[in-house]
file input29.cif (mmCIF, C-alpha atoms)
data_coords
loop_
_atom_site.label_atom_id
_atom_site.label_comp_id
_atom_site.auth_asym_id
_atom_site.auth_seq_id
_atom_site.Cartn_x
_atom_site.Cartn_y
_atom_site.Cartn_z
CA MET K 1 -15.16 -56.32 84.56
CA LYS K 2 -13.03 -54.93 81.74
CA LYS K 3 -12.52 -51.18 81.98
CA ASP K 4 -12.87 -48.89 78.96
CA PRO K 5 -9.75 -47.24 77.49
CA LEU K 6 -8.89 -43.68 78.46
CA GLN K 7 -9.12 -40.68 76.14
CA ILE K 8 -8.90 -36.90 76.16
CA ILE K 9 -11.29 -34.82 74.06
CA ALA K 10 -9.64 -31.48 73.26
CA PHE K 11 -12.28 -28.89 72.37
CA LYS K 12 -11.69 -26.32 69.63
CA THR K 13 -11.09 -23.08 71.51
CA TYR K 14 -9.91 -19.52 70.84
CA GLY K 15 -7.28 -17.19 72.21
CA THR K 16 -4.91 -14.42 71.21
CA ASP K 17 -1.33 -14.03 70.05
CA ALA K 18 -0.19 -13.81 73.67
CA HIS K 19 -2.83 -15.74 75.61
CA LEU K 20 -3.65 -19.44 75.71
CA TYR K 21 -7.15 -20.74 76.38
CA LEU K 22 -7.20 -24.52 76.05
CA LYS K 23 -10.06 -26.69 77.23
CA GLY K 24 -11.05 -30.34 77.03
CA ARG K 25 -12.19 -33.35 79.00
CA ALA K 26 -10.60 -36.59 80.17
CA LEU K 27 -13.04 -39.49 79.84
CA GLU K 28 -13.30 -43.21 79.41
CA ASP K 29 -13.81 -44.08 75.73
CA GLU K 30 -17.34 -45.47 75.49
CA ASP K 31 -16.84 -46.51 71.85
CA ILE K 32 -19.60 -44.35 70.38
CA ASP K 33 -20.00 -45.16 66.68
CA LEU K 34 -21.37 -42.06 64.93
CA GLU K 35 -22.38 -44.16 61.91
CA LYS K 36 -24.65 -46.69 63.66
CA LYS K 37 -28.21 -46.46 62.34
CA SER K 38 -30.51 -48.89 64.18
CA TRP K 39 -32.83 -47.22 66.68
CA PHE K 40 -31.44 -49.33 69.51
CA SER K 41 -27.82 -48.42 68.66
CA LEU K 42 -28.77 -44.75 68.47
CA LEU K 43 -30.45 -44.93 71.86
CA VAL K 44 -27.42 -46.68 73.38
CA ASN K 45 -25.08 -44.07 71.89
CA SER K 46 -27.23 -41.26 73.31
CA TRP K 47 -27.12 -42.91 76.74
CA LYS K 48 -23.33 -43.19 76.52
CA ARG K 49 -22.99 -39.47 75.70
CA PHE K 50 -24.73 -38.46 78.91
CA GLU K 51 -23.63 -41.29 81.18
CA THR K 52 -19.98 -40.26 81.02
CA ASP K 53 -17.19 -41.78 83.10
CA GLU K 54 -14.95 -38.82 83.82
CA ILE K 55 -11.26 -39.18 84.70
CA ARG K 56 -11.28 -36.91 87.73
CA ARG K 57 -8.40 -34.97 89.20
CA THR K 58 -5.72 -36.56 87.05
CA ASP K 59 -2.49 -34.88 85.95
CA LEU K 60 -2.26 -33.84 82.30
CA THR K 61 0.62 -32.47 80.23
CA LEU K 62 0.18 -30.08 77.30
CA LYS K 63 2.77 -29.22 74.66
CA VAL K 64 2.25 -26.01 72.69
CA SER K 65 4.65 -24.88 69.94
CA ASN K 66 7.36 -22.71 71.47
CA GLN K 67 6.09 -23.01 75.05
CA ASN K 68 7.54 -25.20 77.72
CA LYS K 69 5.38 -28.14 78.69
CA ILE K 70 2.31 -27.00 80.59
CA GLU K 71 1.06 -29.04 83.52
CA SER K 72 -2.68 -29.15 84.15
CA LYS K 73 -5.17 -31.24 86.07
CA SER K 74 -8.71 -32.39 85.33
CA ASP K 75 -11.41 -31.26 87.75
CA ALA K 76 -14.21 -33.17 89.45
CA GLU K 77 -16.08 -33.48 86.14
CA GLY K 78 -13.01 -34.44 84.08
CA TYR K 79 -12.55 -31.01 82.46
CA PHE K 80 -9.16 -29.35 82.08
CA LEU K 81 -8.56 -25.67 81.43
CA VAL K 82 -5.37 -23.76 80.62
CA ASN K 83 -6.04 -20.02 80.74
CA GLN K 84 -2.77 -18.10 80.88
CA SER K 85 -0.46 -15.62 79.18
CA SER K 86 2.08 -17.01 76.75
CA GLY K 87 4.91 -16.12 74.44
CA ILE K 88 4.15 -14.88 70.94
CA LEU K 89 2.18 -17.57 69.09
CA SER K 90 1.51 -16.06 65.65
CA ASP K 91 4.56 -17.75 64.12
CA PHE K 92 2.99 -21.13 64.80
CA ILE K 93 -0.52 -20.72 63.37
CA ASP K 94 -1.66 -22.00 59.98
CA SER K 95 -3.15 -19.89 57.16
CA GLU K 96 -6.57 -19.93 58.85
CA GLY K 97 -5.26 -18.91 62.27
CA TRP K 98 -5.26 -22.31 64.01
CA LEU K 99 -2.63 -23.24 66.59
CA GLU K 100 -2.13 -26.97 67.19
CA TYR K 101 -1.12 -28.52 70.51
CA GLU K 102 -0.90 -31.93 72.16
CA VAL K 103 -2.33 -33.11 75.47
CA SER K 104 -1.60 -36.38 77.27
CA PHE K 105 -2.03 -38.13 80.59
CA THR K 106 1.08 -37.32 82.61
CA SER K 107 1.38 -40.73 84.22
CA LEU K 108 0.82 -43.84 82.14
CA GLN K 109 -1.33 -46.37 83.92
CA LYS K 110 -0.20 -49.89 83.16
CA SER K 111 -3.60 -51.30 84.06
CA ARG K 112 -5.47 -49.03 81.63
CA LYS K 113 -5.21 -48.73 77.87
CA ILE K 114 -4.86 -45.16 76.60
CA GLN K 115 -6.08 -44.38 73.12
CA LEU K 116 -3.91 -42.80 70.37
CA ASP K 117 -0.69 -43.73 72.18
CA ASN K 118 -1.52 -41.09 74.78
CA CYS K 119 -1.18 -38.19 72.31
CA PHE K 120 -4.36 -36.21 71.73
CA LYS K 121 -4.43 -33.27 69.32
CA GLY K 122 -6.12 -29.96 70.05
CA GLU K 123 -6.55 -26.65 68.24
CA MET K 124 -6.94 -23.03 69.33
CA LEU K 125 -8.02 -20.24 66.97
CA ILE K 126 -6.15 -16.95 66.83
CA PRO K 127 -8.07 -14.74 64.35
CA LYS K 128 -5.89 -13.24 61.64
CA ALA K 129 -5.00 -9.57 62.07
CA ASP K 130 -6.57 -8.68 58.72
CA SER K 131 -9.98 -10.21 59.52
CA SER K 132 -12.77 -7.80 58.57
CA PHE K 133 -15.24 -9.09 61.16
CA GLY K 134 -16.16 -12.16 63.17
CA VAL K 135 -19.31 -14.26 63.15
CA ILE K 136 -21.04 -15.64 66.25
CA SER K 137 -23.66 -18.23 65.34
CA ASP K 138 -26.20 -20.31 67.18
CA ILE K 139 -26.50 -23.96 66.06
CA ASP K 140 -29.96 -25.26 66.94
CA ASP K 141 -32.52 -24.31 64.25
CA THR K 142 -30.03 -21.79 62.87
CA ILE K 143 -27.88 -24.19 60.86
CA LEU K 144 -29.14 -27.55 62.19
CA HIS K 145 -32.84 -28.41 62.24
CA THR K 146 -33.49 -29.30 65.87
CA GLY K 147 -37.11 -28.44 66.63
CA VAL K 148 -36.61 -26.20 69.66
CA ALA K 149 -39.74 -24.31 68.61
CA SER K 150 -41.84 -27.49 68.44
CA ARG K 151 -44.57 -28.17 70.96
CA LEU K 152 -43.19 -29.83 74.11
CA LYS K 153 -39.80 -29.98 72.34
CA TRP K 154 -40.62 -33.50 71.04
CA GLN K 155 -38.66 -32.89 67.82
CA VAL K 156 -35.55 -32.11 69.85
CA VAL K 157 -35.77 -35.53 71.48
CA VAL K 158 -36.33 -37.35 68.18
CA ASN K 159 -33.55 -35.50 66.33
CA THR K 160 -30.98 -35.75 69.12
CA PHE K 161 -31.55 -39.32 70.28
CA PHE K 162 -32.72 -41.09 67.13
CA LYS K 163 -30.69 -39.57 64.30
CA THR K 164 -26.97 -39.91 63.59
CA PRO K 165 -25.06 -36.66 62.98
CA HIS K 166 -24.32 -38.03 59.50
CA LYS K 167 -28.05 -38.03 58.73
CA ARG K 168 -28.77 -34.62 60.24
CA LYS K 169 -29.05 -32.09 57.43
CA ALA K 170 -27.92 -28.50 57.54
CA LEU K 171 -30.57 -25.89 56.84
CA GLU K 172 -30.61 -25.03 53.14
CA GLY K 173 -27.80 -22.75 51.97
CA SER K 174 -26.35 -22.17 55.45
CA ALA K 175 -22.93 -23.74 54.86
CA GLU K 176 -22.46 -21.74 51.65
CA PHE K 177 -23.43 -18.51 53.43
CA TYR K 178 -20.99 -19.15 56.27
CA HIS K 179 -18.15 -19.83 53.84
CA LEU K 180 -18.88 -16.56 52.05
CA LEU K 181 -18.77 -14.70 55.37
CA HIS K 182 -15.59 -16.55 56.37
CA ASN K 183 -13.89 -15.55 53.10
CA GLY K 184 -15.23 -11.97 53.24
CA LYS K 185 -15.39 -9.36 50.53
CA THR K 186 -11.86 -10.05 49.29
CA LYS K 187 -12.53 -13.83 49.32
CA ASP K 188 -9.32 -14.34 51.28
CA GLU K 189 -9.95 -12.96 54.78
CA ALA K 190 -10.36 -16.01 57.10
CA ASN K 191 -12.96 -14.18 59.19
CA PRO K 192 -13.44 -16.24 62.38
CA ILE K 193 -16.66 -18.19 62.98
CA PHE K 194 -17.73 -19.07 66.53
CA TYR K 195 -20.49 -21.62 67.17
CA VAL K 196 -22.37 -21.05 70.44
CA SER K 197 -25.09 -23.43 71.61
CA ASN K 198 -27.00 -24.29 74.77
CA SER K 199 -26.32 -27.95 74.02
CA PRO K 200 -24.17 -29.68 76.67
CA TRP K 201 -20.50 -30.58 76.18
CA ASN K 202 -21.64 -34.22 76.00
CA LEU K 203 -22.75 -33.46 72.41
CA TYR K 204 -19.43 -31.88 71.37
CA ARG K 205 -18.26 -34.72 69.10
CA TYR K 206 -21.76 -35.12 67.67
CA LEU K 207 -21.93 -31.43 66.67
CA ASP K 208 -18.30 -31.28 65.55
CA PHE K 209 -18.97 -34.26 63.26
CA PHE K 210 -22.12 -32.57 61.90
CA LEU K 211 -20.23 -29.36 61.07
CA ARG K 212 -17.45 -31.26 59.31
CA VAL K 213 -19.76 -33.55 57.32
CA ASN K 214 -21.82 -30.58 56.14
CA GLU K 215 -18.64 -28.63 55.31
CA PHE K 216 -19.13 -25.59 57.52
CA PRO K 217 -16.07 -23.40 58.18
CA LYS K 218 -14.06 -24.69 61.11
CA GLY K 219 -14.57 -22.72 64.30
CA PRO K 220 -14.60 -22.99 68.10
CA ILE K 221 -17.67 -24.85 69.39
CA LEU K 222 -18.82 -23.39 72.70
CA LEU K 223 -21.27 -25.54 74.65
CA ARG K 224 -22.37 -25.63 78.30
CA ASP K 225 -21.81 -27.97 81.18
CA PHE K 226 -24.55 -30.57 81.64
CA ARG K 227 -25.35 -29.87 85.27
CA THR K 228 -26.86 -32.33 87.71
CA PRO K 229 -28.08 -31.72 91.30
CA PHE K 230 -24.72 -33.12 92.43
CA ASP K 231 -22.57 -30.99 90.11
CA ARG K 232 -19.59 -29.52 91.94
CA THR K 233 -18.29 -27.16 89.22
CA PRO K 234 -19.00 -23.43 89.78
CA LYS K 235 -21.76 -21.73 87.78
CA THR K 236 -20.99 -18.73 85.57
CA GLU K 237 -22.48 -15.41 86.69
CA LEU K 238 -24.19 -14.91 83.31
CA ALA K 239 -26.40 -17.31 81.38
CA HIS K 240 -24.34 -19.46 79.01
CA LYS K 241 -24.92 -17.60 75.71
CA TYR K 242 -24.42 -14.18 77.28
CA HIS K 243 -21.23 -15.39 78.96
CA GLU K 244 -19.76 -16.81 75.76
CA ILE K 245 -20.71 -13.91 73.47
CA TYR K 246 -19.50 -11.27 75.92
CA ASN K 247 -16.23 -13.13 76.37
CA ILE K 248 -15.61 -13.31 72.60
CA LEU K 249 -16.29 -9.58 72.18
CA ASN K 250 -14.04 -8.71 75.12
CA THR K 251 -11.26 -10.96 73.82
CA TYR K 252 -11.18 -9.20 70.43
CA PRO K 253 -12.00 -5.53 71.18
CA GLU K 254 -10.88 -4.34 67.72
CA LEU K 255 -13.15 -6.73 65.83
CA ASN K 256 -16.81 -6.17 64.97
CA PHE K 257 -19.22 -9.10 64.77
CA ILE K 258 -22.20 -10.44 62.87
CA LEU K 259 -24.68 -12.33 65.07
CA ILE K 260 -26.68 -15.22 63.59
CA GLY K 261 -29.51 -17.04 65.35
CA ASP K 262 -33.14 -18.03 64.95
CA CYS K 263 -36.58 -16.81 65.95
CA GLY K 264 -37.43 -19.92 67.95
CA GLU K 265 -35.92 -19.26 71.38
CA ASN K 266 -34.19 -16.27 72.99
CA ASP K 267 -31.58 -15.31 70.38
CA ALA K 268 -33.34 -12.08 69.38
CA TYR K 269 -33.51 -10.81 72.98
CA ILE K 270 -29.93 -11.84 73.73
CA TYR K 271 -28.63 -10.12 70.60
CA LEU K 272 -30.48 -6.89 71.43
CA ASP K 273 -28.81 -6.91 74.85
CA VAL K 274 -25.42 -7.49 73.17
CA VAL K 275 -25.95 -4.42 70.96
CA LYS K 276 -26.65 -2.34 74.09
CA GLU K 277 -23.66 -3.76 75.97
CA PHE K 278 -21.24 -3.32 73.04
CA PRO K 279 -22.36 -0.23 71.08
CA GLY K 280 -20.83 0.04 67.62
CA ARG K 281 -19.49 -3.54 67.70
CA ILE K 282 -22.35 -5.43 65.99
CA ALA K 283 -22.37 -5.13 62.20
CA ALA K 284 -25.61 -7.04 61.58
CA ILE K 285 -28.08 -9.54 63.03
CA TYR K 286 -29.53 -12.46 61.05
CA LEU K 287 -32.42 -14.46 62.53
CA ARG K 288 -33.64 -17.54 60.71
CA ALA K 289 -37.43 -17.92 60.54
CA VAL K 290 -39.06 -20.89 62.29
CA ASN K 291 -42.32 -22.70 61.71
CA HIS K 292 -44.17 -21.11 64.63
CA SER K 293 -46.59 -18.30 63.84
CA LYS K 294 -46.77 -16.77 67.34
CA LYS K 295 -43.00 -16.65 67.75
CA MET K 296 -42.56 -15.19 64.27
CA LYS K 297 -45.15 -12.49 64.92
CA ARG K 298 -43.51 -11.55 68.22
CA ILE K 299 -39.98 -11.37 66.79
CA SER K 300 -41.12 -9.44 63.70
CA SER K 301 -42.83 -6.81 65.87
CA LEU K 302 -39.71 -6.60 68.06
CA PHE K 303 -37.65 -5.34 65.10
CA GLU K 304 -40.35 -3.42 63.27
CA ASP K 305 -38.85 0.02 63.99
CA TYR K 306 -35.38 -1.07 65.04
CA LYS K 307 -32.62 1.08 63.52
CA LYS K 308 -29.47 0.55 65.62
CA VAL K 309 -28.01 -2.23 63.45
CA PRO K 310 -29.17 -3.97 60.25
CA VAL K 311 -31.47 -6.89 61.08
CA LEU K 312 -32.82 -9.51 58.68
CA ILE K 313 -35.32 -12.25 59.44
CA VAL K 314 -34.19 -14.95 57.03
CA GLU K 315 -36.85 -16.96 55.19
CA LYS K 316 -34.37 -18.24 52.58
CA SER K 317 -30.58 -18.27 52.69
CA ASN K 318 -30.41 -16.40 49.39
CA ASP K 319 -32.05 -13.42 51.13
CA ALA K 320 -29.19 -13.39 53.63
CA LEU K 321 -26.64 -13.56 50.78
CA GLN K 322 -28.16 -10.55 49.06
CA HIS K 323 -28.33 -8.60 52.31
CA ALA K 324 -24.68 -9.40 53.11
CA LYS K 325 -23.63 -8.23 49.63
CA GLN K 326 -25.51 -4.97 50.04
CA HIS K 327 -23.74 -4.26 53.32
CA GLY K 328 -20.29 -5.14 51.99
CA PHE K 329 -19.70 -8.27 54.04
CA ILE K 330 -19.25 -10.52 50.98
CA SER K 331 -18.55 -9.97 47.30
#

call {"tool": "encode", "arguments": {"input": "input29.cif", "output": "structure tokens"}}
result
Amino acid sequence: MKKDPLQIIAFKTYGTDAHLYLKGRALEDEDIDLEKKSWFSLLVNSWKRFETDEIRRTDLTLKVSNQNKIESKSDAEGYFLVNQSSGILSDFIDSEGWLEYEVSFTSLQKSRKIQLDNCFKGEMLIPKADSSFGVISDIDDTILHTGVASRLKWQVVVNTFFKTPHKRKALEGSAEFYHLLHNGKTKDEANPIFYVSNSPWNLYRYLDFFLRVNEFPKGPILLRDFRTPFDRTPKTELAHKYHEIYNILNTYPELNFILIGDCGENDAYIYLDVVKEFPGRIAAIYLRAVNHSKKMKRISSLFEDYKKVPVLIVEKSNDALQHAKQHGFIS
């Protein structure tokens, strides 16, 4: 039986001027065509995303700007992680703060084809020093209609398994709003945008494609491991969204953040906990309304007398634009 070619998916990550945080996954290339439209092709593609063939415990080599080559190794699930101090990196970032690097399989296997001539590109964000604030945004039902608030989550299944990312539409006005926040009040700030979702890493390329096609600002996409009863990777102490948001805030202690989510799941409660954990660090909270009367009533009452930070439940994106102007986030 012919074996699939090898590939490395380098996730968009974030770090600092003196610290590298690079993450990705070594996998067999299942030849997932993001443009296929028949229901059968979509179902097959969805199966391929979750039935991954990881390249376990294999040696990898990373090359980063002025650094010496960095040796790494994929784990039992195919993931690699470089989390270490480095030399000064700011001289090697582009105008938006992105640092490029290369990752490859250390040993070429003659019996296996390796895609892209064994040279896979990755990017790490180092927010610019003059950024006014950062943005941490949910994805599902915040910028991408998913249906997490639907009964029995049936819309999530339909949208994820039977729609191409090319056909998934961004919620009205969201891309424009994010670009305005990214550009800031001076229109030239490159404020960092972080996308945090409970979706598994198996959907990384799907969501990355969606963000690019709908012209959202580029930013790290932070997903979770798709765990099985046989998963051998260690669990984080905190739930995924808490872990990621706390880590971003701790990584950039001088930067305040705007939190954006929706009223459908737990975003409101998570964001209230973040405000308590990081007093004075949250500039505003935006929660997009969902088509679920009980959830909307509960979230509205939660913020009825809340005064610690500005909060807006967003019915239309234009309301968020006006609110952001009033608070000096955008011009």

call {"tool": "closest_residue", "arguments": {"input": "input29.cif", "among": "K:Tyr286, K:Leu255, K:Ala18, K:Lys295", "to": "K:Leu312", "atoms": "only C-alpha atoms"}}
result
K:Tyr286

call {"tool": "residues_near_point", "arguments": {"input": "input29.cif", "point": "(-20.1, -8.8, 53.9)", "cutoff": "12 Å", "atoms": "only C-alpha atoms", "output": "MDAnalysis selection string"}}
result
chainID K and resid 131:135 177:187 189 191 256:258 283:284 320:331

call {"tool": "resolve_selection", "arguments": {"input": "input29.cif", "expression": "the PyMOL selection byres ((chain K and resi 270) around 12)", "output": "PDB file with C-alpha atoms, in the frame of the given file"}}
result
ATOM      1  CA  ASP K 138     -26.200 -20.310  67.180  1.00  0.00           C
ATOM      2  CA  LEU K 238     -24.190 -14.910  83.310  1.00  0.00           C
ATOM      3  CA  ALA K 239     -26.400 -17.310  81.380  1.00  0.00           C
ATOM      4  CA  HIS K 240     -24.340 -19.460  79.010  1.00  0.00           C
ATOM      5  CA  LYS K 241     -24.920 -17.600  75.710  1.00  0.00           C
ATOM      6  CA  TYR K 242     -24.420 -14.180  77.280  1.00  0.00           C
ATOM      7  CA  HIS K 243     -21.230 -15.390  78.960  1.00  0.00           C
ATOM      8  CA  GLU K 244     -19.760 -16.810  75.760  1.00  0.00           C
ATOM      9  CA  ILE K 245     -20.710 -13.910  73.470  1.00  0.00           C
ATOM     10  CA  TYR K 246     -19.500 -11.270  75.920  1.00  0.00           C
ATOM     11  CA  LEU K 259     -24.680 -12.330  65.070  1.00  0.00           C
ATOM     12  CA  ILE K 260     -26.680 -15.220  63.590  1.00  0.00           C
ATOM     13  CA  GLY K 261     -29.510 -17.040  65.350  1.00  0.00           C
ATOM     14  CA  ASP K 262     -33.140 -18.030  64.950  1.00  0.00           C
ATOM     15  CA  CYS K 263     -36.580 -16.810  65.950  1.00  0.00           C
ATOM     16  CA  GLU K 265     -35.920 -19.260  71.380  1.00  0.00           C
ATOM     17  CA  ASN K 266     -34.190 -16.270  72.990  1.00  0.00           C
ATOM     18  CA  ASP K 267     -31.580 -15.310  70.380  1.00  0.00           C
ATOM     19  CA  ALA K 268     -33.340 -12.080  69.380  1.00  0.00           C
ATOM     20  CA  TYR K 269     -33.510 -10.810  72.980  1.00  0.00           C
ATOM     21  CA  TYR K 271     -28.630 -10.120  70.600  1.00  0.00           C
ATOM     22  CA  LEU K 272     -30.480  -6.890  71.430  1.00  0.00           C
ATOM     23  CA  ASP K 273     -28.810  -6.910  74.850  1.00  0.00           C
ATOM     24  CA  VAL K 274     -25.420  -7.490  73.170  1.00  0.00           C
ATOM     25  CA  VAL K 275     -25.950  -4.420  70.960  1.00  0.00           C
ATOM     26  CA  LYS K 276     -26.650  -2.340  74.090  1.00  0.00           C
ATOM     27  CA  GLU K 277     -23.660  -3.760  75.970  1.00  0.00           C
ATOM     28  CA  ILE K 285     -28.080  -9.540  63.030  1.00  0.00           C
ATOM     29  CA  LEU K 287     -32.420 -14.460  62.530  1.00  0.00           C
TER      30      LEU K 287
END

call {"tool": "residues_around", "arguments": {"input": "input29.cif", "residues": "K:Ala129", "least_positions_apart": "5", "cutoff": "12 Å", "atoms": "all atoms listed in the file", "output": "list in words"}}
result
Thr16, Asp17, Ser90, Ser95, Glu96, Gly97, Gly134, Glu189, Ala190, Asn191, Pro192, Tyr252, Glu254 and Leu255 of chain K

call {"tool": "atom_distance", "arguments": {"input": "input29.cif", "atom1": "atom CA of K:Leu223", "atom2": "atom CA of K:Leu144"}}
result
14.9 Å

call {"tool": "resolve_selection", "arguments": {"input": "input29.cif", "expression": "the PyMOL selection byres ((chain K and resi 59) around 8)", "output": "list in words"}}
result
Arg57, Thr58, Leu60, Thr61, Glu71, Ser72, Lys73, Ser74, Phe105, Thr106 and Ser107 of chain K

call {"tool": "resolve_selection", "arguments": {"input": "input29.cif", "expression": "the PyMOL selection byres ((chain K and resi 194) around 9)", "output": "PyMOL selection string"}}
result
chain K and resi 14+134-138+192-193+195-196+218-222+248

call {"tool": "atom_distance", "arguments": {"input": "input29.cif", "atom1": "atom CA of K:Arg288", "atom2": "atom CA of K:Leu171"}}
result
9.7 Å
